[in-house]
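Undergrad: Take a look at this one; I'll ask things after.
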Amino acid sequence: MAEKQGEGAVGGPYFHKERIKYSPEEEAKLERQHFWRIIDAFRFYRVHVGEQVRRAERQFLSLPKHHQNMLPNTLSNLARISRCAEHNQQVLQAIVDNSLHMFENIDYGERDPRKARPSTTFDMDKLKSTIKQFVRDWSEAGRAERDSCYKPIIQEIQRLFPSDQYDVSKVSVLVPGAGLGRLAWEIAQLGYTCQGNEWSFFMLFSSNFVLNRCENVNSLTLYPWIHQFSNNKKSTDQTRGITFPDVNPQSLPLTSDFSMVAGDFVEVYSDPDSWDCVATCFFIDTAHNVIEYVETIWKILKPGGVWINLGPLLYHFENMANELSVELSYEDIRTAIVSFGFHIEVEKESVQTTYTENERSMLRYVYDCVFFVARKPADLKYNGQEEDDRWQSFPPAAKSPRREGTDSLT
């Protein structure tokens, strides 16, 4: 398990990059290429949105003149979108400026911003989705969504590890797929030892900025809906802003033990019997092989530890060519969970929630999620076979290289 970065080190107190095990030369090359590719996406944002706006202007101006005259506000609305994109770019540039040296143990070097390359549609879609994550995790507008997704998990942690029976500072909670870090931050705010884990640089850059560089409540503004040209009831809905952060992320008590670790979940976490609780929210469907996730969680939980999960099964790699993707039903996953030895203590197969929802859109998605609490038994014996021996008897799960996957909702 990686240790959190020390106070005063570059990038603030919360971030450490866990290296994937390749040859040193290949690892350095791949890491550097990927890092700068995502930096380029942040820098290219304004150009990308500008191209969308210019296309919309050309389409409008191609209309018959008498049709244009019926739509007197269209060009002014597109001008507002351009101004909003300019403002978003300023925030994204601040994120980039605070990301170039965010990891304590890796230096990606320097590069002239003028050498930035145009980004793919895929990367720009990832960036737009990341902008919407600020709504979900760090704005008042995302409170209802957080309450539907995060509150059930937090309430279970408090029920299972109540502060009147436990020294909660000694209860360790891991949050894989931590995104912009709000769930992990909320758990740490309650006094638990909590570590978030995230793989995507889009998320890591943004969470680093919020957690380590933002302290004034609602001091920053983003316009997350300007990219949505369809399903708007009013033109002004497209250009409305959200402020963030709705709390001071640096207001954690001085005694808090909160950290963020960058890296692939199954690569970073391999130490057995390490965690009291693993909390997964909209996470397990990010796997190429979801059973590999179940296997890893089983291994790293302490005997008696619990796994709390809430989320759907929108498999991120399902439609990606040349990517391993095993799409299982919840019934099949549940069978595997029980086969490993978990005892399912709480199970709800219909918890409705949203994900980065635009509440004013004419098209809105609702996920009918599964919520469960599964415990790794404290007395780990299976027909007389001790757990350590049983673990060695498992064949390794199928693995494949991990790349940026699709978002749960685009």
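By order of appearance in the structure tokens: chains A, B, ..., then residues from 1 within every chain, and ligands from 1 in the order shown.
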If you run DSSP on this backbone, which residues of range 207-359 of chain A come out as strand (DSSP E), and could you give them as an MDAnalysis selection string?
TA: chainID A and resid 220:222 242:244 258:262 275:281 301:311 343:353
Undergrad: Just the residues within 8 Å of Glu145 in chain A, please, counting only C-alpha atoms, with nothing from its chain fewer than 5 positions along; format it as number ranges by chain.
TA: A: 136, 353-356
Undergrad: Within 7 Å of range 73-90 of chain A, counting only C-alpha atoms, which residues show up once you throw out same-chain ones fewer than 5 positions away? Write them as a list of chain:residue names, please.
TA: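 My list of contacting residues is A:Tyr45, A:Arg46, A:Val49, A:Gly50, A:Val53, A:Glu57, A:Leu222, A:Tyr223, A:Ile226, A:Ser235, A:Thr239.
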Undergrad: Find the residues around Ile131 in chain A up to 8 Å (only C-alpha atoms counted), leave out those fewer than 3 positions away in its own chain, and share them as a ChimeraX atom specification.
TA: /A:127-128,134-135,222,224
Undergrad: Atoms to include: all heavy atoms. Write the selected residues as a PDB file, in the first residue's frame.
TA:
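This went into part.pdb:
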ATOM      1  N   LEU A 127     -12.894  14.899 -21.068  1.00  0.00           N
ATOM      2  CA  LEU A 127     -12.704  16.161 -20.372  1.00  0.00           C
ATOM      3  C   LEU A 127     -14.045  16.814 -20.043  1.00  0.00           C
ATOM      4  O   LEU A 127     -14.247  17.340 -18.946  1.00  0.00           O
ATOM      5  CB  LEU A 127     -11.841  17.092 -21.215  1.00  0.00           C
ATOM      6  CG  LEU A 127     -11.524  18.460 -20.608  1.00  0.00           C
ATOM      7  CD1 LEU A 127     -10.855  18.315 -19.247  1.00  0.00           C
ATOM      8  CD2 LEU A 127     -10.650  19.274 -21.553  1.00  0.00           C
ATOM      9  N   LYS A 128     -14.967  16.795 -20.993  1.00  0.00           N
ATOM     10  CA  LYS A 128     -16.296  17.362 -20.738  1.00  0.00           C
ATOM     11  C   LYS A 128     -16.990  16.624 -19.600  1.00  0.00           C
ATOM     12  O   LYS A 128     -17.656  17.244 -18.754  1.00  0.00           O
ATOM     13  CB  LYS A 128     -17.144  17.296 -22.007  1.00  0.00           C
ATOM     14  CG  LYS A 128     -16.647  18.180 -23.145  1.00  0.00           C
ATOM     15  CD  LYS A 128     -17.456  17.885 -24.409  1.00  0.00           C
ATOM     16  CE  LYS A 128     -16.885  18.565 -25.622  1.00  0.00           C
ATOM     17  NZ  LYS A 128     -17.620  18.209 -26.861  1.00  0.00           N
ATOM     18  N   PHE A 134     -17.399  18.049 -11.441  1.00  0.00           N
ATOM     19  CA  PHE A 134     -17.349  19.118 -10.449  1.00  0.00           C
ATOM     20  C   PHE A 134     -18.745  19.410  -9.905  1.00  0.00           C
ATOM     21  O   PHE A 134     -18.897  19.769  -8.734  1.00  0.00           O
ATOM     22  CB  PHE A 134     -16.745  20.381 -11.057  1.00  0.00           C
ATOM     23  CG  PHE A 134     -15.254  20.355 -11.160  1.00  0.00           C
ATOM     24  CD1 PHE A 134     -14.619  19.879 -12.310  1.00  0.00           C
ATOM     25  CD2 PHE A 134     -14.467  20.805 -10.116  1.00  0.00           C
ATOM     26  CE1 PHE A 134     -13.244  19.846 -12.405  1.00  0.00           C
ATOM     27  CE2 PHE A 134     -13.078  20.783 -10.201  1.00  0.00           C
ATOM     28  CZ  PHE A 134     -12.462  20.306 -11.351  1.00  0.00           C
ATOM     29  N   VAL A 135     -19.760  19.277 -10.766  1.00  0.00           N
ATOM     30  CA  VAL A 135     -21.135  19.461 -10.301  1.00  0.00           C
ATOM     31  C   VAL A 135     -21.483  18.377  -9.295  1.00  0.00           C
ATOM     32  O   VAL A 135     -21.981  18.660  -8.195  1.00  0.00           O
ATOM     33  CB  VAL A 135     -22.132  19.418 -11.482  1.00  0.00           C
ATOM     34  CG1 VAL A 135     -23.542  19.733 -10.997  1.00  0.00           C
ATOM     35  CG2 VAL A 135     -21.714  20.377 -12.590  1.00  0.00           C
ATOM     36  N   LEU A 222     -17.806  27.193 -13.096  1.00  0.00           N
ATOM     37  CA  LEU A 222     -17.694  26.447 -14.343  1.00  0.00           C
ATOM     38  C   LEU A 222     -19.049  26.456 -15.041  1.00  0.00           C
ATOM     39  O   LEU A 222     -20.094  26.591 -14.391  1.00  0.00           O
ATOM     40  CB  LEU A 222     -17.273  24.997 -14.084  1.00  0.00           C
ATOM     41  CG  LEU A 222     -15.786  24.727 -13.857  1.00  0.00           C
ATOM     42  CD1 LEU A 222     -15.588  23.298 -13.365  1.00  0.00           C
ATOM     43  CD2 LEU A 222     -14.965  24.974 -15.122  1.00  0.00           C
ATOM     44  N   PRO A 224     -20.826  23.842 -17.055  1.00  0.00           N
ATOM     45  CA  PRO A 224     -20.695  22.432 -17.481  1.00  0.00           C
ATOM     46  C   PRO A 224     -21.641  21.999 -18.577  1.00  0.00           C
ATOM     47  O   PRO A 224     -21.455  20.912 -19.147  1.00  0.00           O
ATOM     48  CB  PRO A 224     -21.009  21.667 -16.188  1.00  0.00           C
ATOM     49  CG  PRO A 224     -21.922  22.578 -15.425  1.00  0.00           C
ATOM     50  CD  PRO A 224     -21.474  23.981 -15.746  1.00  0.00           C
TER      51      PRO A 224
END
Undergrad: Of the residues A:His101, A:Lys170, A:His48, A:Arg360, which is the one nearest to Asp237 in chain A, using only C-alpha atoms?
TA: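 Nearest to Asp237 in chain A: A:Arg360.
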Undergrad: If you run DSSP over the backbone, which residues in range 116-333 of chain A end up helix (DSSP H, G or I)? Put them as a PyMOL selection string.
TA: chain A and resi 121-138+140-160+168-170+182-189+201-213+235-238+265-268+284-286+290-300+330-333
Undergrad: Suppose you want the space between CA of Trp307 in chain A and CA of Phe372 in chain A; what is it in Å?
TA: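 Distance reported for this atom pair: 8.0 Å.
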Undergrad: Show me a table, sorted first by chain and then by increasing residue number, of the residues of range 91-177 of chain A having an atom at most 8 Å from range 269-281 of chain A, each with its shortest atom pair and the distance in Å to one decimal, counting only C-alpha atoms and written as CSV.
TA:
residue,atom,partner,partner_atom,distance
A:Cys149,CA,A:Cys281,CA,7.2
A:Tyr150,CA,A:Cys281,CA,7.5
A:Ile153,CA,A:Ala279,CA,7.1
A:Val171,CA,A:Asp276,CA,6.1
A:Ser172,CA,A:Asp276,CA,5.2
A:Val173,CA,A:Cys277,CA,4.7
A:Leu174,CA,A:Val278,CA,4.8
A:Val175,CA,A:Ala279,CA,5.1
A:Pro176,CA,A:Thr280,CA,6.1
A:Gly177,CA,A:Thr280,CA,7.2
Undergrad: Deliver the residues from the most recent selection as a file, using N, CA and C atoms, as a PDB file, in the first residue's frame.
TA:
ATOM      1  N   CYS A 149     -26.248   8.706  -3.787  1.00  0.00           N
ATOM      2  CA  CYS A 149     -25.155   7.761  -4.062  1.00  0.00           C
ATOM      3  C   CYS A 149     -24.231   7.547  -2.868  1.00  0.00           C
ATOM      4  N   TYR A 150     -23.811   8.626  -2.245  1.00  0.00           N
ATOM      5  CA  TYR A 150     -22.792   8.547  -1.205  1.00  0.00           C
ATOM      6  C   TYR A 150     -23.378   8.292   0.178  1.00  0.00           C
ATOM      7  N   ILE A 153     -23.748   4.683   1.468  1.00  0.00           N
ATOM      8  CA  ILE A 153     -22.448   4.084   1.786  1.00  0.00           C
ATOM      9  C   ILE A 153     -21.938   4.617   3.119  1.00  0.00           C
ATOM     10  N   VAL A 171      -9.950   2.767  11.912  1.00  0.00           N
ATOM     11  CA  VAL A 171     -10.724   2.013  10.936  1.00  0.00           C
ATOM     12  C   VAL A 171     -10.336   2.493   9.543  1.00  0.00           C
ATOM     13  N   SER A 172      -9.768   1.607   8.738  1.00  0.00           N
ATOM     14  CA  SER A 172      -9.239   1.992   7.426  1.00  0.00           C
ATOM     15  C   SER A 172     -10.256   1.702   6.340  1.00  0.00           C
ATOM     16  N   VAL A 173     -10.538   2.718   5.509  1.00  0.00           N
ATOM     17  CA  VAL A 173     -11.513   2.614   4.433  1.00  0.00           C
ATOM     18  C   VAL A 173     -10.825   2.964   3.119  1.00  0.00           C
ATOM     19  N   LEU A 174     -10.978   2.109   2.126  1.00  0.00           N
ATOM     20  CA  LEU A 174     -10.435   2.348   0.795  1.00  0.00           C
ATOM     21  C   LEU A 174     -11.581   2.642  -0.168  1.00  0.00           C
ATOM     22  N   VAL A 175     -11.414   3.685  -0.990  1.00  0.00           N
ATOM     23  CA  VAL A 175     -12.422   4.051  -1.986  1.00  0.00           C
ATOM     24  C   VAL A 175     -11.785   3.970  -3.370  1.00  0.00           C
ATOM     25  N   PRO A 176     -11.883   2.821  -4.051  1.00  0.00           N
ATOM     26  CA  PRO A 176     -11.372   2.737  -5.432  1.00  0.00           C
ATOM     27  C   PRO A 176     -12.276   3.527  -6.384  1.00  0.00           C
ATOM     28  N   GLY A 177     -11.689   4.038  -7.448  1.00  0.00           N
ATOM     29  CA  GLY A 177     -12.470   4.843  -8.381  1.00  0.00           C
ATOM     30  C   GLY A 177     -12.996   6.088  -7.714  1.00  0.00           C
TER      31      GLY A 177
END
Undergrad: By how many Å are CA of Asp285 in chain A and CA of Pro312 in chain A apart?
TA: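 One can read the CA of Asp285 in chain A to CA of Pro312 in chain A distance as 7.2 Å.
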Undergrad: I'd like to know which of A:Val168, A:Val210, A:Ile297, A:Met70 is closest to Trp138 in chain A, using only C-alpha atoms.
TA: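 Among the listed residues, A:Val210 lies closest to Trp138 in chain A.
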Undergrad: Nearest to Thr296 in chain A among A:Phe282, A:Phe340, A:Tyr315, A:Tyr367, with distances taken over only C-alpha atoms: which residue is it?
TA: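 That would be A:Phe340, the residue with the smallest distance to Thr296 in chain A.
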Undergrad: Of the candidates A:Phe205, A:Glu198, A:Asn69, A:Asp164, which shows the shortest atom-to-atom distance to Trp36 in chain A, using only C-alpha atoms?
TA: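 For Trp36 in chain A, the nearest of the candidates is A:Phe205.
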